[in-house]
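Asker: Below you'll find structure_39.txt; it's compact mmCIF, C-alpha atoms (C1' of nucleotides).
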```txt
# COMPACT_ATOMS: atom_id res chain seq x y z
CA MET A 8 -36.26 4.03 10.13
CA TYR A 9 -38.65 1.57 8.51
CA GLU A 10 -37.45 -1.50 6.69
CA SER A 11 -39.07 -0.23 3.51
CA GLU A 12 -36.93 2.91 3.64
CA ILE A 13 -33.78 0.88 4.16
CA GLN A 14 -34.82 -1.26 1.22
CA GLU A 15 -35.15 1.82 -1.01
CA ILE A 16 -31.74 3.12 0.03
CA VAL A 17 -29.94 -0.19 -0.38
CA LYS A 18 -31.59 -0.71 -3.74
CA SER A 19 -30.40 2.64 -5.02
CA TYR A 20 -26.84 2.07 -3.78
CA PHE A 21 -26.53 -1.42 -5.18
CA PRO A 22 -28.46 -1.29 -8.45
CA ASN A 23 -26.83 -4.49 -9.71
CA LEU A 24 -28.34 -6.52 -6.90
CA LYS A 25 -31.15 -8.62 -8.31
CA GLU A 26 -34.65 -8.02 -7.01
CA GLU A 27 -34.94 -11.51 -5.53
CA SER A 28 -31.58 -11.17 -3.76
CA LEU A 29 -32.44 -7.79 -2.32
CA ASP A 30 -34.99 -9.11 0.19
CA ALA A 31 -32.56 -11.59 1.69
CA PHE A 32 -29.85 -8.95 1.75
CA ILE A 33 -32.03 -6.37 3.52
CA LYS A 34 -32.87 -8.83 6.29
CA HIS A 35 -29.35 -8.33 7.61
CA ALA A 36 -29.30 -4.55 7.35
CA SER A 37 -30.29 -2.00 9.93
CA TYR A 38 -30.18 1.73 10.36
CA LEU A 39 -27.70 3.25 12.81
CA LYS A 40 -27.15 6.80 14.00
CA SER A 41 -24.10 7.51 16.09
CA THR A 42 -21.89 10.28 17.42
CA LYS A 43 -18.41 11.52 16.64
CA GLY A 44 -15.68 9.34 18.08
CA THR A 45 -17.74 6.15 18.07
CA LYS A 46 -15.71 3.16 16.96
CA LEU A 47 -17.47 1.02 14.41
CA ILE A 48 -14.63 -1.46 14.42
CA SER A 49 -11.85 -1.70 17.00
CA GLU A 50 -8.37 -3.02 16.46
CA GLY A 51 -7.82 -6.49 17.84
CA LYS A 52 -11.50 -7.44 18.00
CA ARG A 53 -13.73 -9.56 15.84
CA HIS A 54 -16.67 -7.73 14.36
CA ARG A 55 -19.80 -8.66 12.47
CA TYR A 56 -20.58 -5.64 10.39
CA PHE A 57 -19.72 -3.52 7.43
CA TYR A 58 -21.36 -0.18 6.81
CA LEU A 59 -22.83 2.15 4.23
CA ILE A 60 -22.41 5.81 5.16
CA LEU A 61 -25.59 7.84 4.61
CA LYS A 62 -24.37 10.96 6.31
CA GLY A 63 -21.09 11.85 8.01
CA GLY A 64 -17.61 10.38 7.72
CA VAL A 65 -15.11 7.93 9.17
CA LYS A 66 -11.39 7.36 9.43
CA SER A 67 -9.54 4.08 9.52
CA TYR A 68 -6.26 3.81 11.35
CA TYR A 69 -3.67 1.42 12.65
CA SER A 70 -2.10 2.18 15.99
CA LYS A 71 1.24 1.13 17.34
CA GLU A 72 2.97 2.39 20.45
CA SER A 73 0.63 5.37 20.83
CA ARG A 74 1.20 6.39 17.23
CA GLU A 75 -1.79 6.36 14.91
CA VAL A 76 -1.50 6.06 11.15
CA CYS A 77 -4.61 6.64 9.07
CA MET A 78 -5.15 4.25 6.20
CA TRP A 79 -8.19 5.84 4.58
CA PHE A 80 -11.10 8.17 5.06
CA ALA A 81 -14.66 7.72 3.81
CA PHE A 82 -17.71 9.92 3.60
CA LYS A 83 -21.30 9.96 2.38
CA ASN A 84 -22.28 7.18 -0.04
CA GLU A 85 -19.27 4.98 0.62
CA VAL A 86 -19.16 1.39 1.86
CA VAL A 87 -16.68 0.72 4.66
CA GLY A 88 -15.38 -2.24 6.60
CA THR A 89 -12.21 -4.23 6.99
CA ILE A 90 -11.10 -7.16 4.93
CA THR A 91 -10.07 -9.00 8.09
CA THR A 92 -13.64 -8.70 9.39
CA TYR A 93 -14.83 -10.15 6.11
CA GLU A 94 -12.46 -13.06 6.63
CA GLY A 95 -13.69 -13.61 10.20
CA LEU A 96 -10.40 -12.49 11.69
CA PRO A 97 -9.74 -9.87 14.40
CA SER A 98 -9.44 -6.45 12.80
CA LYS A 99 -6.04 -4.82 12.55
CA GLU A 100 -7.56 -1.39 12.04
CA THR A 101 -9.92 0.81 13.98
CA ILE A 102 -12.75 2.56 12.15
CA GLU A 103 -13.99 5.65 13.95
CA LEU A 104 -16.61 8.30 13.21
CA LEU A 105 -15.15 11.70 12.33
CA GLU A 106 -18.47 13.38 13.08
CA ASP A 107 -22.03 12.49 14.02
CA SER A 108 -23.11 10.08 11.30
CA GLU A 109 -25.93 8.00 9.94
CA LEU A 110 -25.23 4.58 8.54
CA ILE A 111 -26.70 1.32 7.49
CA LYS A 112 -24.95 -1.64 9.01
CA PHE A 113 -24.86 -5.06 7.41
CA ASN A 114 -24.22 -8.32 9.17
CA ILE A 115 -21.20 -9.68 7.38
CA GLU A 116 -21.48 -13.25 8.69
CA LYS A 117 -25.05 -13.57 7.53
CA ILE A 118 -24.31 -12.00 4.18
CA LYS A 119 -21.35 -14.31 3.67
CA VAL A 120 -23.72 -17.20 4.12
CA LEU A 121 -25.87 -15.71 1.38
CA THR A 122 -22.88 -15.51 -0.97
CA LEU A 123 -22.62 -19.28 -0.74
CA THR A 124 -25.86 -19.69 -2.66
CA ASP A 125 -26.57 -16.30 -4.24
CA LEU A 126 -24.49 -15.23 -7.23
CA SER A 127 -25.79 -11.70 -7.27
CA ILE A 128 -24.72 -11.08 -3.67
CA SER A 129 -21.43 -12.85 -4.23
CA HIS A 130 -20.68 -10.47 -7.11
CA LEU A 131 -21.68 -7.46 -5.08
CA MET A 132 -19.27 -8.33 -2.28
CA ASN A 133 -16.65 -9.03 -4.88
CA SER A 134 -16.96 -5.63 -6.45
CA ILE A 135 -16.77 -3.90 -3.06
CA ILE A 136 -13.51 -5.72 -2.32
CA ILE A 137 -12.06 -5.00 -5.76
CA LYS A 138 -12.77 -1.31 -5.38
CA HIS A 139 -10.81 -1.35 -2.15
CA THR A 140 -7.98 -3.28 -3.76
CA LEU A 141 -7.67 -0.71 -6.53
CA PHE A 142 -7.56 2.01 -3.89
CA LEU A 143 -4.75 0.26 -2.00
CA GLU A 144 -2.71 -0.16 -5.19
CA GLU A 145 -3.06 3.52 -6.03
CA ARG A 146 -2.04 4.47 -2.50
CA LEU A 147 1.06 2.26 -2.65
CA TYR A 148 1.95 3.73 -6.01
CA GLN A 149 1.72 7.25 -4.65
CA LEU A 150 3.80 6.42 -1.58
CA GLN A 151 6.53 4.91 -3.73
CA PHE A 152 6.65 7.37 -6.60
CA MET A 153 5.49 10.74 -5.45
CA THR A 154 7.12 13.30 -3.16
CA SER A 155 5.21 14.18 -0.02
CA LYS A 156 4.44 17.57 -1.53
CA ASN A 157 2.83 15.93 -4.54
CA ARG A 158 0.89 13.43 -2.50
CA CYS A 159 -0.49 16.32 -0.51
CA LYS A 160 -1.41 18.19 -3.69
CA VAL A 161 -3.09 15.19 -5.31
CA LEU A 162 -5.10 14.48 -2.17
CA TYR A 163 -6.21 18.07 -1.97
CA GLU A 164 -7.29 18.07 -5.60
CA SER A 165 -9.10 14.74 -5.45
CA THR A 166 -10.80 15.06 -2.07
CA PRO A 167 -10.55 18.57 -0.61
CA GLU A 168 -13.21 17.71 1.98
CA ILE A 169 -10.61 15.63 3.81
CA PHE A 170 -8.74 18.81 4.69
CA GLN A 171 -11.91 20.32 6.11
CA LYS A 172 -13.09 17.33 8.08
CA VAL A 173 -9.92 15.63 9.25
CA SER A 174 -7.24 16.95 11.60
CA LEU A 175 -3.87 17.75 10.04
CA THR A 176 -2.26 15.18 12.28
CA ASP A 177 -4.43 12.46 10.76
CA VAL A 178 -3.96 13.67 7.19
CA ALA A 179 -0.21 13.80 7.79
CA SER A 180 -0.11 10.21 9.00
CA TYR A 181 -2.12 9.17 5.95
CA LEU A 182 0.35 10.91 3.66
CA GLY A 183 3.28 9.31 5.44
CA VAL A 184 4.82 12.41 7.06
CA THR A 185 4.74 14.10 10.45
CA ARG A 186 2.24 16.88 11.09
CA GLU A 187 5.07 19.42 11.28
CA THR A 188 6.26 18.43 7.82
CA LEU A 189 2.74 18.57 6.39
CA SER A 190 2.25 22.00 7.91
CA ARG A 191 5.39 23.15 6.14
CA ILE A 192 4.95 21.55 2.75
CA ARG A 193 1.38 22.58 2.25
CA SER A 194 2.21 26.27 2.56
CA LYS A 195 4.97 26.06 -0.04
CA MET B 73 1.59 -31.21 -21.48
CA TYR B 74 -1.67 -33.11 -21.68
CA GLU B 75 -4.95 -31.68 -20.55
CA SER B 76 -5.27 -34.47 -18.02
CA GLU B 77 -2.02 -33.38 -16.38
CA ILE B 78 -3.15 -29.78 -16.23
CA GLN B 79 -6.37 -30.97 -14.69
CA GLU B 80 -4.51 -32.82 -11.96
CA ILE B 81 -2.36 -29.80 -11.17
CA VAL B 82 -5.22 -27.31 -11.12
CA LYS B 83 -7.26 -29.65 -8.97
CA SER B 84 -4.52 -29.92 -6.40
CA TYR B 85 -3.97 -26.17 -6.29
CA PHE B 86 -7.62 -25.27 -5.99
CA PRO B 87 -9.07 -28.04 -3.85
CA ASN B 88 -12.21 -26.01 -3.09
CA LEU B 89 -13.23 -25.95 -6.71
CA LYS B 90 -16.16 -28.29 -7.18
CA GLU B 91 -15.71 -31.28 -9.49
CA GLU B 92 -18.36 -30.08 -11.93
CA SER B 93 -16.78 -26.60 -12.09
CA LEU B 94 -13.31 -27.95 -12.67
CA ASP B 95 -13.97 -29.14 -16.22
CA ALA B 96 -15.24 -25.75 -17.36
CA PHE B 97 -12.35 -24.06 -15.58
CA ILE B 98 -9.72 -26.26 -17.19
CA LYS B 99 -11.02 -25.47 -20.65
CA HIS B 100 -9.45 -22.04 -20.33
CA ALA B 101 -6.13 -23.18 -18.93
CA SER B 102 -2.96 -24.04 -20.80
CA TYR B 103 0.61 -24.90 -20.04
CA LEU B 104 3.35 -22.36 -20.78
CA LYS B 105 7.13 -22.55 -20.56
CA SER B 106 9.06 -19.36 -20.99
CA THR B 107 12.46 -17.78 -20.48
CA LYS B 108 13.87 -15.22 -18.11
CA GLY B 109 12.90 -11.66 -19.00
CA THR B 110 9.65 -12.60 -20.72
CA LYS B 111 6.85 -10.21 -19.88
CA LEU B 112 3.63 -11.95 -18.97
CA ILE B 113 1.85 -8.64 -18.64
CA SER B 114 3.08 -5.28 -19.92
CA GLU B 115 2.24 -1.91 -18.51
CA GLY B 116 -0.31 0.03 -20.54
CA LYS B 117 -1.70 -2.99 -22.36
CA ARG B 118 -4.83 -5.04 -21.97
CA HIS B 119 -4.22 -8.70 -21.24
CA ARG B 120 -6.31 -11.82 -21.04
CA TYR B 121 -4.50 -14.03 -18.61
CA PHE B 122 -3.56 -14.74 -15.06
CA TYR B 123 -1.02 -17.40 -14.14
CA LEU B 124 -0.14 -20.15 -11.75
CA ILE B 125 3.62 -20.57 -11.31
CA LEU B 126 4.71 -24.21 -11.43
CA LYS B 127 8.42 -23.51 -11.52
CA GLY B 128 10.41 -20.28 -11.49
CA GLY B 129 9.55 -16.77 -10.35
CA VAL B 130 8.30 -13.36 -11.41
CA LYS B 131 8.51 -9.74 -10.40
CA SER B 132 5.86 -7.08 -10.76
CA TYR B 133 6.86 -3.46 -11.19
CA TYR B 134 5.60 -0.03 -12.06
CA SER B 135 7.83 2.17 -14.15
CA LYS B 136 7.93 5.91 -14.38
CA GLU B 137 10.55 8.08 -16.05
CA SER B 138 13.00 5.18 -16.38
CA ARG B 139 12.67 4.33 -12.71
CA GLU B 140 11.27 0.92 -11.83
CA VAL B 141 9.60 0.14 -8.53
CA CYS B 142 8.82 -3.47 -7.73
CA MET B 143 5.46 -4.10 -6.13
CA TRP B 144 5.78 -7.80 -5.40
CA PHE B 145 7.61 -11.00 -6.22
CA ALA B 146 6.13 -14.46 -6.60
CA PHE B 147 7.53 -17.95 -6.93
CA LYS B 148 6.51 -21.59 -7.20
CA ASN B 149 2.89 -22.38 -6.30
CA GLU B 150 1.65 -18.81 -6.40
CA VAL B 151 -1.13 -17.31 -8.51
CA VAL B 152 -0.25 -14.03 -10.21
CA GLY B 153 -1.97 -11.42 -12.32
CA THR B 154 -3.12 -7.85 -12.05
CA ILE B 155 -6.39 -6.60 -10.69
CA THR B 156 -6.69 -4.19 -13.61
CA THR B 157 -6.51 -7.12 -16.02
CA TYR B 158 -9.29 -8.78 -14.06
CA GLU B 159 -11.33 -5.62 -14.48
CA GLY B 160 -10.67 -5.53 -18.23
CA LEU B 161 -8.54 -2.41 -17.94
CA PRO B 162 -5.01 -1.77 -19.27
CA SER B 163 -2.44 -2.96 -16.74
CA LYS B 164 -0.50 -0.41 -14.73
CA GLU B 165 2.17 -2.93 -13.86
CA THR B 166 4.53 -5.15 -15.78
CA ILE B 167 4.96 -8.77 -14.73
CA GLU B 168 8.25 -10.27 -15.84
CA LEU B 169 9.94 -13.64 -15.40
CA LEU B 170 12.92 -13.56 -13.05
CA GLU B 171 14.17 -16.85 -14.47
CA ASP B 172 13.14 -19.56 -16.90
CA SER B 173 9.74 -20.63 -15.66
CA GLU B 174 6.86 -23.00 -16.18
CA LEU B 175 3.33 -21.77 -15.71
CA ILE B 176 -0.29 -22.48 -16.33
CA LYS B 177 -2.12 -19.58 -17.88
CA PHE B 178 -5.82 -18.97 -17.47
CA ASN B 179 -8.01 -16.91 -19.74
CA ILE B 180 -9.42 -14.29 -17.43
CA GLU B 181 -12.20 -13.12 -19.74
CA LYS B 182 -13.53 -16.63 -20.19
CA ILE B 183 -13.28 -17.40 -16.51
CA LYS B 184 -15.05 -14.19 -15.63
CA VAL B 185 -17.92 -15.36 -17.81
CA LEU B 186 -17.96 -18.57 -15.78
CA THR B 187 -18.19 -16.60 -12.53
CA LEU B 188 -21.51 -15.19 -13.76
CA THR B 189 -23.14 -18.58 -13.44
CA ASP B 190 -20.79 -20.69 -11.32
CA LEU B 191 -20.62 -19.99 -7.59
CA SER B 192 -17.65 -22.23 -6.99
CA ILE B 193 -15.54 -20.38 -9.53
CA SER B 194 -16.79 -17.02 -8.31
CA HIS B 195 -15.62 -17.90 -4.81
CA LEU B 196 -12.27 -19.09 -6.06
CA MET B 197 -11.58 -15.80 -7.85
CA ASN B 198 -12.76 -13.98 -4.77
CA SER B 199 -10.34 -15.75 -2.51
CA ILE B 200 -7.44 -15.07 -4.89
CA ILE B 201 -8.27 -11.36 -4.83
CA ILE B 202 -8.69 -11.27 -1.06
CA LYS B 203 -5.30 -12.89 -0.58
CA HIS B 204 -3.76 -10.12 -2.67
CA THR B 205 -5.67 -7.47 -0.75
CA LEU B 206 -4.34 -8.76 2.57
CA PHE B 207 -0.85 -8.66 1.10
CA LEU B 208 -1.25 -5.03 0.00
CA GLU B 209 -2.50 -4.03 3.44
CA GLU B 210 0.47 -5.66 5.13
CA ARG B 211 2.84 -3.93 2.73
CA LEU B 212 1.29 -0.51 3.37
CA TYR B 213 1.49 -1.16 7.09
CA GLN B 214 5.18 -1.96 6.86
CA LEU B 215 5.94 1.10 4.74
CA GLN B 216 4.18 3.36 7.21
CA PHE B 217 5.34 1.89 10.51
CA MET B 218 8.67 0.23 10.03
CA THR B 219 12.12 1.66 9.40
CA SER B 220 13.82 0.62 6.20
CA LYS B 221 16.20 -1.50 8.22
CA ASN B 222 13.31 -3.39 9.79
CA ARG B 223 11.48 -3.84 6.50
CA CYS B 224 14.65 -5.33 5.10
CA LYS B 225 15.00 -7.65 8.10
CA VAL B 226 11.37 -8.78 7.98
CA LEU B 227 11.59 -9.47 4.27
CA TYR B 228 14.75 -11.47 4.75
CA GLU B 229 13.18 -13.53 7.52
CA SER B 230 9.91 -14.18 5.70
CA THR B 231 11.20 -14.81 2.18
CA PRO B 232 14.98 -15.18 2.06
CA GLU B 233 14.75 -16.59 -1.47
CA ILE B 234 13.99 -13.08 -2.72
CA PHE B 235 17.54 -12.04 -1.82
CA GLN B 236 18.91 -14.96 -3.80
CA LYS B 237 16.77 -14.58 -6.88
CA VAL B 238 16.20 -10.86 -7.22
CA SER B 239 18.77 -8.11 -7.84
CA LEU B 240 19.44 -5.74 -4.97
CA THR B 241 18.20 -2.87 -7.10
CA ASP B 242 14.79 -4.49 -7.39
CA VAL B 243 14.61 -5.47 -3.75
CA ALA B 244 15.57 -1.91 -2.80
CA SER B 245 12.78 -0.42 -4.89
CA TYR B 246 10.34 -2.86 -3.31
CA LEU B 247 11.45 -1.80 0.17
CA GLY B 248 11.16 1.86 -0.76
CA VAL B 249 14.84 2.83 -0.65
CA THR B 250 17.66 3.32 -3.16
CA ARG B 251 20.02 0.45 -3.87
CA GLU B 252 22.86 2.34 -2.16
CA THR B 253 20.84 2.63 1.01
CA LEU B 254 19.87 -1.03 0.94
CA SER B 255 23.48 -1.99 0.44
CA ARG B 256 24.37 0.01 3.55
CA ILE B 257 21.53 -0.95 5.87
CA ARG B 258 21.72 -4.64 5.27
CA SER B 259 25.33 -4.84 6.36
CA LYS B 260 24.63 -3.05 9.63
C1' DG C 161 -13.34 38.87 28.28
C1' DA C 162 -10.21 35.62 30.98
C1' DA C 163 -8.69 31.08 31.38
C1' DC C 164 -8.32 26.80 29.37
C1' DT C 165 -7.73 23.29 25.97
C1' DC C 166 -6.43 21.62 21.66
C1' DA C 167 -4.62 22.08 16.89
C1' DT C 168 -1.40 24.21 14.10
C1' DT C 169 2.74 26.74 13.01
C1' DT C 170 7.50 27.98 13.49
C1' DG C 171 12.39 27.51 14.77
C1' DA C 172 16.69 25.02 15.74
C1' DC C 173 18.93 20.97 15.31
C1' DA C 174 19.69 15.86 14.49
C1' DT C 175 19.00 12.03 11.59
C1' DT C 176 18.03 9.59 7.62
C1' DT C 177 18.25 9.00 3.00
C1' DA C 178 19.12 10.53 -1.83
C1' DT C 179 22.42 11.72 -5.14
C1' DC C 180 26.59 11.57 -7.62
C1' DA C 181 30.99 9.63 -8.50
C1' DC C 182 33.80 5.99 -8.59
C1' DA C 183 35.88 1.56 -6.93
C1' DA C 184 35.44 -3.28 -6.35
C1' DA C 185 33.48 -7.68 -7.29
C1' DG C 186 31.15 -11.12 -10.03
C1' DC C 187 30.24 -13.21 -14.37
C1' DA C 188 30.24 -14.40 -19.31
C1' DA C 189 32.52 -14.58 -23.74
C1' DT C 190 36.70 -14.71 -26.18
C1' DA D 80 43.85 -14.87 -18.33
C1' DT D 81 41.83 -10.71 -20.60
C1' DT D 82 38.15 -7.93 -21.87
C1' DG D 83 33.77 -6.02 -21.35
C1' DC D 84 29.44 -5.80 -18.88
C1' DT D 85 26.54 -5.72 -14.92
C1' DT D 86 25.89 -5.59 -10.05
C1' DT D 87 27.21 -4.19 -5.64
C1' DG D 88 29.78 -1.39 -2.25
C1' DT D 89 31.80 3.00 -0.45
C1' DG D 90 32.69 7.88 0.22
C1' DA D 91 31.40 12.76 0.23
C1' DT D 92 27.85 15.93 0.11
C1' DA D 93 23.14 17.77 -0.26
C1' DA D 94 18.30 17.53 0.55
C1' DA D 95 14.35 16.05 2.97
C1' DT D 96 12.27 14.95 7.00
C1' DG D 97 12.05 13.84 11.96
C1' DT D 98 12.35 15.51 16.72
C1' DC D 99 11.81 18.56 20.42
C1' DA D 100 10.43 22.93 22.20
C1' DA D 101 8.03 26.98 22.13
C1' DA D 102 4.70 30.28 20.08
C1' DT D 103 0.50 31.29 17.93
C1' DG D 104 -4.30 30.68 16.87
C1' DA D 105 -9.03 29.00 17.33
C1' DG D 106 -12.67 27.37 19.89
C1' DT D 107 -15.00 26.46 24.50
C1' DT D 108 -16.29 27.21 29.16
C1' DC D 109 -16.83 29.92 33.01
```
Please render this file's structure as structure tokens.

Answerer:
Amino acid sequence: MYESEIQEIVKSYFPNLKEESLDAFIKHASYLKSTKGTKLISEGKRHRYFYLILKGGVKSYYSKESREVCMWFAFKNEVVGTITTYEGLPSKETIELLEDSELIKFNIEKIKVLTLTDLSISHLMNSIIIKHTLFLEERLYQLQFMTSKNRCKVLYESTPEIFQKVSLTDVASYLGVTRETLSRIRSK
Amino acid sequence: MYESEIQEIVKSYFPNLKEESLDAFIKHASYLKSTKGTKLISEGKRHRYFYLILKGGVKSYYSKESREVCMWFAFKNEVVGTITTYEGLPSKETIELLEDSELIKFNIEKIKVLTLTDLSISHLMNSIIIKHTLFLEERLYQLQFMTSKNRCKVLYESTPEIFQKVSLTDVASYLGVTRETLSRIRSK
DNA sequence: GAACTCATTTGACATTTATCACAAAGCAAT
DNA sequence: ATTGCTTTGTGATAAATGTCAAATGAGTTC
């Protein structure tokens, strides 16, 4: 993929990015095509990138004692990464492709350097983080207030594609129940 | 309290704020002393402020059908607010004083205007948000992976003052159990 | 199509936690 | 100290969910 194509894509995804910031931003972006199961970010390691999904999907999960708990899923047109990576720390999560996907990857270290002098880029990164923060708050709210049956229902209504693309085991862990329980509650 | 005193305090709390940004920042800060039970931010309303706690403590909670669930607690030297307020949206949470407290309040709208032209202030707000995001991720992790007994233990070990200053009912809701259950598990 | 693998469903049972009711303890005002 | 109020603790029971085991179903390979 040519740099000019990447530029067009990035421009359309981040319309608030000023023209003069765009060039610098693009310098740290590159196209990436990869297969199902590939890990974009692995738990315990430091990484340099965050990603924009052009095609495909990913899951994020924590693992502990051979148990995996999914924290979120993302598909086409979403920006993904981990906040620990942004902070230069080892990631606590793993981000893995759910299917063969196409992405644009951005060098986070380089782009952080740009935020030191470029307001437009600083605001862009800000808004990406805030979007994630709002998502986490909503998720916590649902875990604390809603029954597992309702969480399942709300998820199905808001993003039915998750049930097509993600295994029930993973959806169950995301909803905070075992797969057996999810299997039962969703038929009721 | 004189402006010069506020300036000293703010400067010491936000050492990364550049000297030339500090003056503009301080213009939107003021001292506030208030009594237990006062609501700094009320659910459903738009607000203009975030706060730095000089003395005292607060709790944040969501309420639904007369049930309250605490989302976090904060004490001396912590910055508090809601991300929805920062985004100019009505708050989903209520923030209430746990005891008579002294605070500095900052006008969020005005400071957001400053972030449009001031990198130093933009970065400061960023880092405050990121700190909160890391907290939310840790909390989600604990809710998904740890037993209620362990969550209780970890909370007691990390911030014992919560058990002194907050009612068991509130702590229980924060930990995701009923107060009866918390009463039982903590004695075991 | 048979054999194999993997995901999902179902059943039986154990465990945890919620719920409801009430008792005990702590605290403030008189 | 007595009264009233709020918070915390305890007991009995019900509901939800976890755990383990086995069955079914769907997809793949030979």

Asker: For chain A, list the residues within 10 Å of chain D, counting all atoms listed in the file, and write the list as a ChimeraX atom specification.

Answerer: /A:154-155,184-185,187-188

Asker: For the selection you just gave me, I'd like the residues written to a file as a PDB file, in the coordinates of the input, keeping C-alpha atoms.

Answerer:
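out.pdb, freshly written:
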```pdb
ATOM      1  CA  THR A 154       7.120  13.300  -3.160  1.00  0.00           C
ATOM      2  CA  SER A 155       5.210  14.180  -0.020  1.00  0.00           C
ATOM      3  CA  VAL A 184       4.820  12.410   7.060  1.00  0.00           C
ATOM      4  CA  THR A 185       4.740  14.100  10.450  1.00  0.00           C
ATOM      5  CA  GLU A 187       5.070  19.420  11.280  1.00  0.00           C
ATOM      6  CA  THR A 188       6.260  18.430   7.820  1.00  0.00           C
TER       7      THR A 188
END
```

Asker: Enumerate as a list in words the residues belonging to chain C that approach chain A to within 12 Å, with all atoms listed in the file taken into account.

Answerer: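 On the chain C side, the interface is DC166, DA167, DT168, DT169, DT170 and DG171 of chain C.
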
Asker: Find the residues of chain A in contact range of chain B, meaning any atom within 7 Å when counting all atoms listed in the file, and list them as a ChimeraX atom specification.

Answerer: /A:126,133,140,143,147,151,183

Asker: Leaving out Gly153 of chain B and any residue of its chain fewer than 5 positions from it, which residues lie within 8 Å of it when counting all atoms listed in the file, given as JSON, numbers by chain?

Answerer: {"B": [113, 121, 122, 123, 158, 167]}

Asker: Got a sec: who's within 12 Å of Val238 of chain B, counting only C-alpha atoms (C1' of nucleotides), leaving out chain neighbours fewer than 2 positions off, as a PDB file with C-alpha atoms (C1' of nucleotides), in the frame of the given file?

Answerer:
```pdb
ATOM      1  CA  LYS B 108      13.870 -15.220 -18.110  1.00  0.00           C
ATOM      2  CA  GLY B 128      10.410 -20.280 -11.490  1.00  0.00           C
ATOM      3  CA  GLY B 129       9.550 -16.770 -10.350  1.00  0.00           C
ATOM      4  CA  VAL B 130       8.300 -13.360 -11.410  1.00  0.00           C
ATOM      5  CA  LYS B 131       8.510  -9.740 -10.400  1.00  0.00           C
ATOM      6  CA  SER B 132       5.860  -7.080 -10.760  1.00  0.00           C
ATOM      7  CA  CYS B 142       8.820  -3.470  -7.730  1.00  0.00           C
ATOM      8  CA  TRP B 144       5.780  -7.800  -5.400  1.00  0.00           C
ATOM      9  CA  PHE B 145       7.610 -11.000  -6.220  1.00  0.00           C
ATOM     10  CA  ALA B 146       6.130 -14.460  -6.600  1.00  0.00           C
ATOM     11  CA  PHE B 147       7.530 -17.950  -6.930  1.00  0.00           C
ATOM     12  CA  GLU B 168       8.250 -10.270 -15.840  1.00  0.00           C
ATOM     13  CA  LEU B 169       9.940 -13.640 -15.400  1.00  0.00           C
ATOM     14  CA  LEU B 170      12.920 -13.560 -13.050  1.00  0.00           C
ATOM     15  CA  GLU B 171      14.170 -16.850 -14.470  1.00  0.00           C
ATOM     16  CA  THR B 231      11.200 -14.810   2.180  1.00  0.00           C
ATOM     17  CA  PRO B 232      14.980 -15.180   2.060  1.00  0.00           C
ATOM     18  CA  GLU B 233      14.750 -16.590  -1.470  1.00  0.00           C
ATOM     19  CA  ILE B 234      13.990 -13.080  -2.720  1.00  0.00           C
ATOM     20  CA  PHE B 235      17.540 -12.040  -1.820  1.00  0.00           C
ATOM     21  CA  GLN B 236      18.910 -14.960  -3.800  1.00  0.00           C
ATOM     22  CA  LEU B 240      19.440  -5.740  -4.970  1.00  0.00           C
ATOM     23  CA  THR B 241      18.200  -2.870  -7.100  1.00  0.00           C
ATOM     24  CA  ASP B 242      14.790  -4.490  -7.390  1.00  0.00           C
ATOM     25  CA  VAL B 243      14.610  -5.470  -3.750  1.00  0.00           C
ATOM     26  CA  ALA B 244      15.570  -1.910  -2.800  1.00  0.00           C
ATOM     27  CA  SER B 245      12.780  -0.420  -4.890  1.00  0.00           C
ATOM     28  CA  TYR B 246      10.340  -2.860  -3.310  1.00  0.00           C
TER      29      TYR B 246
ATOM     30  C1'  DT D  86      25.890  -5.590 -10.050  1.00  0.00           C
TER      31       DT D  86
END
```

Asker: Please indicate the distance in Å from atom CA of Phe32 of chain A to atom CA of Ile183 of chain B, rounded to one decimal place.

Answerer: 26.1 Å

Asker: For atom CA of Leu24 of chain A and atom CA of His54 of chain A, quote the distance in Å rounded to one decimal.

Answerer: 24.3 Å

Asker: Just how far from atom CA of Asp172 of chain B is atom CA of Gly109 of chain B, in Å to one decimal?

Answerer: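 About the pair atom CA of Gly109 of chain B and atom CA of Asp172 of chain B: they are 8.2 Å apart.
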